[in-house]
$ cat target29.cif   # mmCIF, C-alpha atoms and all ligand atoms
data_protein
#
loop_
_atom_site.group_PDB
_atom_site.id
_atom_site.type_symbol
_atom_site.label_atom_id
_atom_site.label_comp_id
_atom_site.auth_asym_id
_atom_site.auth_seq_id
_atom_site.Cartn_x
_atom_site.Cartn_y
_atom_site.Cartn_z
ATOM 1 C CA MET A 43 4.728 -10.328 -3.074
ATOM 2 C CA VAL A 44 4.746 -7.594 -0.417
ATOM 3 C CA LEU A 45 3.425 -4.967 -2.864
ATOM 4 C CA LYS A 46 0.845 -7.172 -4.574
ATOM 5 C CA ASP A 47 -1.613 -5.072 -6.623
ATOM 6 C CA LYS A 48 -0.257 -1.766 -5.276
ATOM 7 C CA VAL A 49 0.113 0.969 -7.884
ATOM 8 C CA ALA A 50 3.388 2.908 -7.754
ATOM 9 C CA LEU A 51 4.427 5.946 -9.794
ATOM 10 C CA ILE A 52 8.181 6.550 -9.866
ATOM 11 C CA THR A 53 9.642 9.725 -11.351
ATOM 12 C CA GLY A 54 12.984 9.526 -13.132
ATOM 13 C CA ALA A 55 12.519 5.762 -13.462
ATOM 14 C CA ALA A 56 13.920 5.467 -16.996
ATOM 15 C CA SER A 57 17.451 5.212 -15.557
ATOM 16 C CA GLY A 58 19.588 4.442 -12.515
ATOM 17 C CA ILE A 59 18.040 4.220 -9.049
ATOM 18 C CA GLY A 60 14.451 4.870 -10.191
ATOM 19 C CA LYS A 61 14.625 2.115 -12.819
ATOM 20 C CA GLU A 62 15.926 -0.417 -10.296
ATOM 21 C CA ILE A 63 13.108 0.509 -7.887
ATOM 22 C CA ALA A 64 10.596 0.009 -10.714
ATOM 23 C CA ILE A 65 12.025 -3.466 -11.439
ATOM 24 C CA GLU A 66 12.020 -4.474 -7.754
ATOM 25 C CA TYR A 67 8.513 -3.093 -7.213
ATOM 26 C CA ALA A 68 7.225 -5.107 -10.176
ATOM 27 C CA LYS A 69 8.886 -8.239 -8.748
ATOM 28 C CA ALA A 70 7.135 -7.481 -5.446
ATOM 29 C CA GLY A 71 3.773 -7.479 -7.271
ATOM 30 C CA ALA A 72 3.201 -3.742 -7.840
ATOM 31 C CA LYS A 73 1.865 -2.176 -11.034
ATOM 32 C CA VAL A 74 4.493 0.378 -11.943
ATOM 33 C CA VAL A 75 4.249 3.724 -13.708
ATOM 34 C CA ILE A 76 7.577 4.935 -15.096
ATOM 35 C CA ALA A 77 7.340 8.736 -15.250
ATOM 36 C CA ASP A 78 10.285 10.391 -16.970
ATOM 37 C CA LEU A 79 11.386 13.276 -19.121
ATOM 38 C CA ALA A 80 12.996 10.720 -21.443
ATOM 39 C CA LEU A 81 9.878 9.004 -22.833
ATOM 40 C CA ASP A 82 11.667 6.518 -25.130
ATOM 41 C CA ALA A 83 13.868 5.290 -22.290
ATOM 42 C CA ALA A 84 10.799 5.156 -20.001
ATOM 43 C CA LYS A 85 8.971 3.022 -22.578
ATOM 44 C CA ALA A 86 11.992 0.735 -22.891
ATOM 45 C CA ALA A 87 12.089 0.274 -19.096
ATOM 46 C CA ALA A 88 8.345 -0.490 -19.022
ATOM 47 C CA ASP A 89 8.768 -2.998 -21.899
ATOM 48 C CA GLU A 90 11.593 -4.717 -20.008
ATOM 49 C CA ILE A 91 9.336 -5.132 -16.944
ATOM 50 C CA ASN A 92 6.326 -6.312 -18.971
ATOM 51 C CA LYS A 93 8.474 -8.855 -20.856
ATOM 52 C CA SER A 94 9.705 -10.344 -17.607
ATOM 53 C CA GLY A 95 6.171 -10.883 -16.304
ATOM 54 C CA GLY A 96 5.548 -7.629 -14.437
ATOM 55 C CA THR A 97 3.071 -4.846 -15.162
ATOM 56 C CA ALA A 98 4.361 -1.420 -16.145
ATOM 57 C CA MET A 99 3.532 1.604 -18.262
ATOM 58 C CA ALA A 100 5.435 4.757 -19.217
ATOM 59 C CA VAL A 101 4.219 8.346 -18.958
ATOM 60 C CA ALA A 102 5.953 11.470 -20.247
ATOM 61 C CA MET A 103 6.567 13.764 -17.312
ATOM 62 C CA ASN A 104 8.776 16.748 -16.732
ATOM 63 C CA VAL A 105 8.426 17.058 -12.961
ATOM 64 C CA VAL A 106 8.646 20.858 -13.086
ATOM 65 C CA ASP A 107 5.657 21.099 -15.436
ATOM 66 C CA GLU A 108 2.448 21.356 -13.382
ATOM 67 C CA ALA A 109 0.148 20.213 -16.217
ATOM 68 C CA GLN A 110 2.346 17.228 -17.149
ATOM 69 C CA VAL A 111 2.578 16.112 -13.521
ATOM 70 C CA ASP A 112 -1.195 16.308 -13.011
ATOM 71 C CA LYS A 113 -1.806 14.513 -16.319
ATOM 72 C CA GLY A 114 0.768 11.782 -15.599
ATOM 73 C CA ILE A 115 -0.813 10.991 -12.235
ATOM 74 C CA ALA A 116 -4.339 11.113 -13.735
ATOM 75 C CA ASP A 117 -3.225 8.744 -16.541
ATOM 76 C CA ALA A 118 -1.756 6.337 -13.974
ATOM 77 C CA VAL A 119 -5.002 6.306 -11.985
ATOM 78 C CA ALA A 120 -7.055 5.898 -15.188
ATOM 79 C CA ALA A 121 -4.934 2.926 -16.299
ATOM 80 C CA TYR A 122 -4.473 1.082 -13.005
ATOM 81 C CA GLY A 123 -7.469 2.339 -10.975
ATOM 82 C CA THR A 124 -5.652 4.000 -8.071
ATOM 83 C CA LEU A 125 -2.319 5.276 -6.744
ATOM 84 C CA ASP A 126 -0.791 3.796 -3.584
ATOM 85 C CA ILE A 127 2.872 4.805 -3.784
ATOM 86 C CA LEU A 128 4.753 7.826 -5.132
ATOM 87 C CA ILE A 129 8.525 7.788 -5.406
ATOM 88 C CA SER A 130 9.732 11.316 -6.077
ATOM 89 C CA ASN A 131 13.115 10.401 -7.517
ATOM 90 C CA ALA A 132 13.863 12.443 -10.663
ATOM 91 C CA GLY A 133 17.008 14.478 -10.245
ATOM 92 C CA ILE A 134 20.141 15.886 -11.823
ATOM 93 C CA GLN A 135 23.487 17.132 -10.598
ATOM 94 C CA ILE A 136 25.376 20.282 -11.590
ATOM 95 C CA ILE A 137 28.652 20.902 -9.803
ATOM 96 C CA ALA A 138 30.378 24.257 -9.382
ATOM 97 C CA PRO A 139 31.830 26.371 -6.585
ATOM 98 C CA ILE A 140 29.295 28.994 -5.434
ATOM 99 C CA VAL A 141 31.459 31.871 -6.668
ATOM 100 C CA ASP A 142 31.544 30.454 -10.218
ATOM 101 C CA SER A 143 27.927 29.271 -10.312
ATOM 102 C CA THR A 144 24.957 30.837 -12.098
ATOM 103 C CA LEU A 145 21.504 31.829 -10.885
ATOM 104 C CA GLU A 146 20.085 29.893 -13.834
ATOM 105 C CA ASN A 147 21.650 26.616 -12.670
ATOM 106 C CA TRP A 148 20.701 27.298 -9.035
ATOM 107 C CA ARG A 149 17.045 27.758 -10.064
ATOM 108 C CA LYS A 150 17.132 24.703 -12.367
ATOM 109 C CA MET A 151 18.411 22.473 -9.569
ATOM 110 C CA LEU A 152 15.900 23.726 -6.987
ATOM 111 C CA ALA A 153 13.072 23.410 -9.519
ATOM 112 C CA ILE A 154 13.762 19.790 -10.479
ATOM 113 C CA HIS A 155 14.385 18.590 -6.935
ATOM 114 C CA LEU A 156 11.940 20.740 -4.932
ATOM 115 C CA ASP A 157 9.216 21.988 -7.323
ATOM 116 C CA GLY A 158 9.171 18.462 -8.765
ATOM 117 C CA ALA A 159 8.736 16.911 -5.312
ATOM 118 C CA TYR A 160 6.027 19.422 -4.405
ATOM 119 C CA LEU A 161 4.020 19.032 -7.625
ATOM 120 C CA THR A 162 4.122 15.227 -7.632
ATOM 121 C CA THR A 163 3.291 15.142 -3.896
ATOM 122 C CA ARG A 164 0.286 17.430 -4.348
ATOM 123 C CA ALA A 165 -1.132 15.422 -7.237
ATOM 124 C CA ALA A 166 -0.448 12.092 -5.505
ATOM 125 C CA MET A 167 -1.985 13.199 -2.179
ATOM 126 C CA ARG A 168 -5.106 14.408 -3.975
ATOM 127 C CA ALA A 169 -5.460 11.029 -5.708
ATOM 128 C CA MET A 170 -4.731 9.080 -2.494
ATOM 129 C CA ILE A 171 -7.207 11.103 -0.416
ATOM 130 C CA LYS A 172 -9.880 10.657 -3.090
ATOM 131 C CA ALA A 173 -9.346 6.879 -3.111
ATOM 132 C CA GLY A 174 -9.436 6.795 0.714
ATOM 133 C CA LYS A 175 -6.947 3.911 1.078
ATOM 134 C CA GLY A 176 -3.912 5.798 2.384
ATOM 135 C CA GLY A 177 -0.550 5.651 0.678
ATOM 136 C CA SER A 178 3.215 5.939 0.891
ATOM 137 C CA ILE A 179 5.253 8.844 -0.446
ATOM 138 C CA ILE A 180 9.003 8.361 -0.669
ATOM 139 C CA TYR A 181 11.512 11.056 -1.603
ATOM 140 C CA MET A 182 14.933 10.281 -3.029
ATOM 141 C CA GLY A 183 17.089 12.370 -0.738
ATOM 142 C CA SER A 184 20.804 11.752 -0.344
ATOM 143 C CA VAL A 185 23.497 11.722 2.306
ATOM 144 C CA HIS A 186 23.477 15.346 1.139
ATOM 145 C CA SER A 187 20.086 15.694 2.904
ATOM 146 C CA HIS A 188 22.208 15.616 6.102
ATOM 147 C CA GLU A 189 25.803 16.403 5.119
ATOM 148 C CA ALA A 190 27.398 19.040 2.898
ATOM 149 C CA SER A 191 30.076 18.744 0.229
ATOM 150 C CA PRO A 192 31.820 21.520 -1.661
ATOM 151 C CA LEU A 193 30.737 22.228 -5.278
ATOM 152 C CA LYS A 194 27.138 21.135 -4.611
ATOM 153 C CA ALA A 195 25.345 24.122 -3.046
ATOM 154 C CA PRO A 196 21.965 23.811 -4.827
ATOM 155 C CA TYR A 197 21.940 19.990 -4.594
ATOM 156 C CA VAL A 198 22.699 19.997 -0.847
ATOM 157 C CA THR A 199 20.139 22.769 -0.292
ATOM 158 C CA ALA A 200 17.430 20.930 -2.225
ATOM 159 C CA LYS A 201 18.146 17.557 -0.621
ATOM 160 C CA HIS A 202 17.975 19.118 2.876
ATOM 161 C CA GLY A 203 14.661 20.704 1.801
ATOM 162 C CA LEU A 204 13.132 17.324 0.985
ATOM 163 C CA ILE A 205 13.436 16.317 4.652
ATOM 164 C CA GLY A 206 11.298 19.323 5.599
ATOM 165 C CA LEU A 207 8.709 18.524 2.935
ATOM 166 C CA ALA A 208 8.539 14.875 4.020
ATOM 167 C CA LYS A 209 7.897 15.903 7.653
ATOM 168 C CA VAL A 210 5.035 18.214 6.647
ATOM 169 C CA VAL A 211 3.527 15.516 4.409
ATOM 170 C CA ALA A 212 3.773 13.055 7.332
ATOM 171 C CA LYS A 213 1.800 15.472 9.545
ATOM 172 C CA GLU A 214 -0.772 16.564 6.957
ATOM 173 C CA GLY A 215 -1.157 13.065 5.499
ATOM 174 C CA ALA A 216 -1.582 11.184 8.796
ATOM 175 C CA LYS A 217 -5.346 11.558 9.027
ATOM 176 C CA ASP A 218 -5.653 9.984 5.562
ATOM 177 C CA LYS A 219 -3.088 7.255 6.355
ATOM 178 C CA ILE A 220 -0.545 8.751 3.968
ATOM 179 C CA ARG A 221 3.018 8.098 5.179
ATOM 180 C CA SER A 222 6.055 9.970 3.980
ATOM 181 C CA ASN A 223 9.756 9.097 4.235
ATOM 182 C CA VAL A 224 13.084 9.962 2.638
ATOM 183 C CA ILE A 225 15.759 7.539 1.413
ATOM 184 C CA CYS A 226 19.260 8.996 1.647
ATOM 185 C CA PRO A 227 21.741 7.016 -0.470
ATOM 186 C CA GLY A 228 25.493 7.414 -0.522
ATOM 187 C CA PHE A 229 27.236 7.428 -3.917
ATOM 188 C CA VAL A 230 25.686 4.992 -6.413
ATOM 189 C CA ARG A 231 27.353 4.416 -9.819
ATOM 190 C CA THR A 232 24.528 5.665 -12.049
ATOM 191 C CA PRO A 233 24.899 8.019 -15.052
ATOM 192 C CA LEU A 234 24.411 10.930 -12.606
ATOM 193 C CA VAL A 235 27.562 9.912 -10.720
ATOM 194 C CA GLU A 236 29.634 8.687 -13.700
ATOM 195 C CA LYS A 237 29.291 12.212 -15.168
ATOM 196 C CA GLN A 238 30.512 13.804 -11.935
ATOM 197 C CA ILE A 239 33.740 11.820 -11.591
ATOM 198 C CA PRO A 240 35.666 13.606 -14.387
ATOM 199 C CA GLU A 241 33.949 16.920 -13.544
ATOM 200 C CA GLN A 242 35.076 16.764 -9.903
ATOM 201 C CA ALA A 243 38.566 15.641 -10.948
ATOM 202 C CA LYS A 244 38.847 18.791 -13.046
ATOM 203 C CA GLU A 245 37.391 21.145 -10.396
ATOM 204 C CA LEU A 246 39.544 19.696 -7.589
ATOM 205 C CA ASN A 247 42.623 19.133 -9.775
ATOM 206 C CA ILE A 248 42.999 15.478 -8.708
ATOM 207 C CA SER A 249 42.759 12.153 -10.583
ATOM 208 C CA GLU A 250 39.449 10.379 -11.198
ATOM 209 C CA GLU A 251 40.679 7.528 -8.990
ATOM 210 C CA ASP A 252 41.233 10.014 -6.158
ATOM 211 C CA VAL A 253 37.733 11.460 -6.659
ATOM 212 C CA ILE A 254 36.366 7.967 -5.994
ATOM 213 C CA LYS A 255 38.704 7.033 -3.114
ATOM 214 C CA LYS A 256 39.378 10.356 -1.408
ATOM 215 C CA VAL A 257 36.136 12.230 -2.056
ATOM 216 C CA MET A 258 33.209 9.922 -2.766
ATOM 217 C CA LEU A 259 34.007 6.889 -0.589
ATOM 218 C CA LYS A 260 36.425 8.451 1.921
ATOM 219 C CA ASP A 261 34.050 8.318 4.914
ATOM 220 C CA THR A 262 32.353 4.974 4.225
ATOM 221 C CA VAL A 263 33.135 2.105 6.619
ATOM 222 C CA ASP A 264 34.393 -0.170 3.826
ATOM 223 C CA GLY A 265 35.273 1.947 0.779
ATOM 224 C CA GLU A 266 32.291 0.609 -1.174
ATOM 225 C CA PHE A 267 29.714 2.235 -3.413
ATOM 226 C CA THR A 268 26.050 1.885 -2.455
ATOM 227 C CA THR A 269 24.182 0.009 -5.221
ATOM 228 C CA THR A 270 20.872 0.577 -6.969
ATOM 229 C CA ALA A 271 19.789 -2.774 -5.455
ATOM 230 C CA ASP A 272 20.515 -1.491 -1.915
ATOM 231 C CA VAL A 273 18.328 1.556 -2.530
ATOM 232 C CA ALA A 274 15.556 -0.464 -4.211
ATOM 233 C CA GLN A 275 15.379 -2.894 -1.260
ATOM 234 C CA THR A 276 14.969 0.065 1.098
ATOM 235 C CA ALA A 277 12.206 1.457 -1.118
ATOM 236 C CA VAL A 278 10.359 -1.897 -1.012
ATOM 237 C CA PHE A 279 10.648 -2.000 2.793
ATOM 238 C CA LEU A 280 9.354 1.559 3.232
ATOM 239 C CA ALA A 281 6.439 1.138 0.828
ATOM 240 C CA ALA A 282 5.387 -2.192 2.343
ATOM 241 C CA PHE A 283 5.530 -0.978 5.949
ATOM 242 C CA PRO A 284 1.994 -1.414 7.266
ATOM 243 C CA THR A 285 1.364 1.443 9.708
ATOM 244 C CA ASN A 286 1.874 5.138 10.391
ATOM 245 C CA ALA A 287 4.599 4.239 12.922
ATOM 246 C CA LEU A 288 7.241 4.743 10.239
ATOM 247 C CA THR A 289 6.595 8.219 8.876
ATOM 248 C CA GLY A 290 8.470 11.514 8.680
ATOM 249 C CA GLN A 291 11.812 9.674 8.748
ATOM 250 C CA SER A 292 14.917 9.524 6.640
ATOM 251 C CA VAL A 293 16.749 6.254 6.100
ATOM 252 C CA VAL A 294 20.430 6.577 5.214
ATOM 253 C CA VAL A 295 21.839 3.826 2.967
ATOM 254 C CA SER A 296 25.484 4.780 2.546
ATOM 255 C CA HIS A 297 27.941 2.164 3.860
ATOM 256 C CA GLY A 298 28.201 4.242 7.021
ATOM 257 C CA TRP A 299 29.306 7.451 5.286
ATOM 258 C CA PHE A 300 26.735 9.287 7.385
ATOM 259 C CA MET A 301 25.478 7.833 10.671
ATOM 260 C CA GLN A 302 22.505 9.441 12.422
HETATM 261 P P1 LIG B 1 20.092 9.010 -13.351
HETATM 262 O O1 LIG B 1 20.705 10.132 -14.082
HETATM 263 O O2 LIG B 1 20.536 7.624 -13.599
HETATM 264 O O3 LIG B 1 18.491 9.053 -13.507
HETATM 265 C C1 LIG B 1 17.763 10.234 -13.355
HETATM 266 C C2 LIG B 1 16.493 10.131 -14.175
HETATM 267 O O4 LIG B 1 15.725 11.318 -13.931
HETATM 268 C C3 LIG B 1 16.732 10.059 -15.693
HETATM 269 O O5 LIG B 1 15.962 9.021 -16.268
HETATM 270 C C4 LIG B 1 16.261 11.432 -16.189
HETATM 271 O O6 LIG B 1 15.707 11.386 -17.505
HETATM 272 C C5 LIG B 1 15.197 11.767 -15.162
HETATM 273 N N1 LIG B 1 14.926 13.208 -15.069
HETATM 274 C C6 LIG B 1 15.826 14.221 -15.014
HETATM 275 N N2 LIG B 1 15.189 15.395 -14.969
HETATM 276 C C7 LIG B 1 13.862 15.121 -14.993
HETATM 277 C C8 LIG B 1 12.688 15.912 -14.976
HETATM 278 N N3 LIG B 1 12.756 17.260 -14.944
HETATM 279 N N4 LIG B 1 11.483 15.306 -15.011
HETATM 280 C C9 LIG B 1 11.404 13.946 -15.072
HETATM 281 N N5 LIG B 1 12.466 13.147 -15.100
HETATM 282 C C10 LIG B 1 13.686 13.726 -15.067
HETATM 283 O O7 LIG B 1 20.298 9.407 -11.795
HETATM 284 P P2 LIG B 1 20.209 8.570 -10.432
HETATM 285 O O8 LIG B 1 21.572 8.520 -9.865
HETATM 286 O O9 LIG B 1 19.434 7.328 -10.603
HETATM 287 O O10 LIG B 1 19.400 9.621 -9.545
HETATM 288 C C11 LIG B 1 18.060 9.440 -9.134
HETATM 289 C C12 LIG B 1 17.845 10.202 -7.843
HETATM 290 O O11 LIG B 1 18.708 9.682 -6.831
HETATM 291 C C13 LIG B 1 18.155 11.698 -7.943
HETATM 292 O O12 LIG B 1 17.188 12.436 -7.201
HETATM 293 C C14 LIG B 1 19.514 11.808 -7.271
HETATM 294 O O13 LIG B 1 19.732 13.078 -6.719
HETATM 295 C C15 LIG B 1 19.363 10.752 -6.195
HETATM 296 N N6 LIG B 1 20.631 10.264 -5.649
HETATM 297 C C16 LIG B 1 21.566 9.710 -6.451
HETATM 298 C C17 LIG B 1 22.741 9.260 -5.882
HETATM 299 C C18 LIG B 1 23.823 8.641 -6.704
HETATM 300 O O14 LIG B 1 24.935 8.504 -6.177
HETATM 301 N N7 LIG B 1 23.569 8.238 -7.947
HETATM 302 C C19 LIG B 1 22.970 9.393 -4.500
HETATM 303 C C20 LIG B 1 21.985 9.967 -3.722
HETATM 304 C C21 LIG B 1 20.812 10.405 -4.301
#
$ encode --input "target29.cif" --output "structure tokens" --more "lines below"
Ligand code: NAD
Amino acid sequence: MVLKDKVALITGAASGIGKEIAIEYAKAGAKVVIADLALDAAKAAADEINKSGGTAMAVAMNVVDEAQVDKGIADAVAAYGTLDILISNAGIQIIAPIVDSTLENWRKMLAIHLDGAYLTTRAAMRAMIKAGKGGSIIYMGSVHSHEASPLKAPYVTAKHGLIGLAKVVAKEGAKDKIRSNVICPGFVRTPLVEKQIPEQAKELNISEEDVIKKVMLKDTVDGEFTTTADVAQTAVFLAAFPTNALTGQSVVVSHGWFMQ
């Protein structure tokens, strides 16, 4: 029970990677707050955890809405007494070549990934500093925090930006024992990726099978997808790490697609 009695708020935890982290955190003893735009799905995820012996609650949160973010974090603290861990994970993907893309989609992508990370970080740091017990802030980056791919300009830009934010949080948070790190997964078969396979096939004029083999997994060491379990284990390790020695870092979990 490496996270026994820790309180963790995870954005975008109604689905995919965030949901798996919530489940693993509950198994590791944490009280988990599932913060998501999709409240019904967030409640269903919390129910699933509570039924299997964990402790979880759902809060409605659009990460780009300042008031909803502040309220969601305040509700978490009111319910569970404190906040020890923030996972800034909510995200979407919109693919298009730059020349065919729109300013509206560019702004939407940067808002969800970067404004969302900033707003949740600010609210979480305020709560952690007030409680005086330190904390761990983890951003869901991507191999695209380090590498580029065509068709993903705003996603790659935002994911690179999270590394900068995490480094500043590591420096500003140190005196209050707040650590900050980024997890950078390779491709994981969540709804976010399932949607992209036919979209990329169309954009690149290749088969869906070739999108998987020749685009998504081409540079891995073994042709394998990363799994939600791989990412969740990394999130447990980072949150449970006991000192400020591990801060301001990014951990790449990608079957060797990107090696740093
Ligand atoms: P997913 O689509 O399965 O889940 C995303 C969740 O975020 C959903 O529950 C959705 O409702 C929620 N969400 C979307 N917009 C939101 C908003 N404005 N406010 C609050 N919640 C919102 O996707 P996933 O693959 O689990 O992705 C989670 C994170 O992991 C994202 O940041 C994504 O960029 C990152 N990531 C995914 C992969 C991958 O291959 N799946 C790889 C690297 C990084």
$ closest_residue --input "target29.cif" --among "A:Pro196, A:Pro284, A:Gly183, A:Gly177" --to "ligand LIG 1 (chain B)" --atoms "all atoms listed in the file"
A:Gly183
$ residues_around --input "target29.cif" --residues "A:Lys209" --least-positions-apart "2" --cutoff "9 Å" --atoms "all atoms listed in the file" --output "count of residues only"
13
$ residues_near_point --input "target29.cif" --point "(29.6, 27.2, -5.5)" --cutoff "9 Å" --atoms "all atoms listed in the file" --output "count of residues only"
13
$ closest_residue --input "target29.cif" --among "A:Ala277, A:Val105, A:Leu128, A:Val263" --to "A:Arg168" --atoms "all atoms listed in the file"
A:Leu128
$ closest_atom_pairs --input "target29.cif" --of "chain A" --to "ligand LIG 1 (chain B)" --cutoff "6 Å" --atoms "all atoms listed in the file" --output "CSV"
residue,atom,partner,partner_atom,distance
A:Thr53,CA,B:LIG1,N5,5.8
A:Gly54,CA,B:LIG1,O4,3.4
A:Ala55,CA,B:LIG1,O5,5.5
A:Ala56,CA,B:LIG1,O5,4.2
A:Ser57,CA,B:LIG1,O5,4.2
A:Gly58,CA,B:LIG1,O9,3.5
A:Ile59,CA,B:LIG1,O9,3.7
A:Gly60,CA,B:LIG1,O9,5.6
A:Asp78,CA,B:LIG1,N5,4.0
A:Leu79,CA,B:LIG1,C9,4.1
A:Ala80,CA,B:LIG1,O6,4.8
A:Met103,CA,B:LIG1,C9,5.3
A:Asn104,CA,B:LIG1,N4,3.5
A:Val105,CA,B:LIG1,N4,4.1
A:Val106,CA,B:LIG1,N3,5.8
A:Asn131,CA,B:LIG1,O12,4.6
A:Ala132,CA,B:LIG1,O4,3.9
A:Gly133,CA,B:LIG1,O12,3.7
A:Ile134,CA,B:LIG1,C6,5.6
A:Ile154,CA,B:LIG1,N3,5.2
A:Met182,CA,B:LIG1,O12,5.2
A:Gly183,CA,B:LIG1,C21,5.5
A:Ser184,CA,B:LIG1,C20,4.0
A:Pro227,CA,B:LIG1,C20,4.4
A:Gly228,CA,B:LIG1,C19,5.1
A:Phe229,CA,B:LIG1,O14,3.4
A:Val230,CA,B:LIG1,O14,3.6
A:Arg231,CA,B:LIG1,N7,5.7
A:Thr232,CA,B:LIG1,O8,4.7
A:Pro233,CA,B:LIG1,O2,4.6
A:Leu234,CA,B:LIG1,O1,4.1
A:Val235,CA,B:LIG1,N7,5.1
$ closest_residue --input "target29.cif" --among "A:Tyr67, A:Phe279, A:Tyr122, A:Trp299" --to "A:Met258" --atoms "all atoms listed in the file"
A:Trp299
$ resolve_selection --input "target29.cif" --expression "the PyMOL selection byres (((chain A and resi 173) around 10) and not hetatm)" --output "PyMOL selection string"
chain A and resi 119+123-126+167-172+174-177+218
$ closest_residue --input "target29.cif" --among "A:Glu245, A:Asp47, A:Glu250, A:Asp82" --to "A:Lys69" --atoms "only C-alpha atoms"
A:Asp47
$ residues_around --input "target29.cif" --residues "A:His155" --least-positions-apart "2" --cutoff "8 Å" --atoms "only C-alpha atoms" --output "list in words"
Ala132, Gly133, Met151, Leu152, Ala153, Asp157, Gly158, Ala159, Ala200 and Lys201 of chain A
$ axis_aligned_box --input "target29.cif" --around "stretch 43-61 of chain A" --padding-each-side "8 Å" --output "lines of an AutoDock Vina configuration file"
center_x = 9.0
center_y = -0.3
center_z = -8.7
size_x = 37.2
size_y = 36.1
size_z = 32.6
$ atom_distance --input "target29.cif" --atom1 "atom CA of A:Ile254" --atom2 "atom CA of A:Phe267"
9.2 Å
$ closest_residue --input "target29.cif" --among "A:Thr270, A:Thr276, A:Gln238, A:Thr285" --to "A:Ser178" --atoms "all atoms listed in the file"
A:Thr285
$ closest_residue --input "target29.cif" --among "A:Leu161, A:Ala64, A:Leu145, A:Ile129" --to "A:Val111" --atoms "all atoms listed in the file"
A:Leu161
$ resolve_selection --input "target29.cif" --expression "the PyMOL selection byres (((chain A and resi 90) around 12) and not hetatm)" --output "JSON, numbers by chain"
{"A": [56, 61, 62, 64, 65, 68, 74, 76, 83, 84, 85, 86, 87, 88, 89, 91, 92, 93, 94, 95, 96, 97, 98, 99, 100]}
$ atom_distance --input "target29.cif" --atom1 "atom CA of A:Arg221" --atom2 "atom CA of A:Ile179"
6.1 Å
$ atom_distance --input "target29.cif" --atom1 "atom CA of A:Val224" --atom2 "atom CA of A:Leu280"
9.2 Å
$ residues_around --input "target29.cif" --residues "A:Thr199" --least-positions-apart "6" --cutoff "9 Å" --atoms "all atoms listed in the file" --output "list in words"
Leu152, His186, Ser187 and Ala190 of chain A
$ write_last_selection --input "target29.cif" --atoms "C-alpha atoms" --output "PDB file, keeping the file's coordinate frame"
ATOM      1  CA  LEU A 152      15.900  23.726  -6.987  1.00  0.00           C
ATOM      2  CA  HIS A 186      23.477  15.346   1.139  1.00  0.00           C
ATOM      3  CA  SER A 187      20.086  15.694   2.904  1.00  0.00           C
ATOM      4  CA  ALA A 190      27.398  19.040   2.898  1.00  0.00           C
TER       5      ALA A 190
END
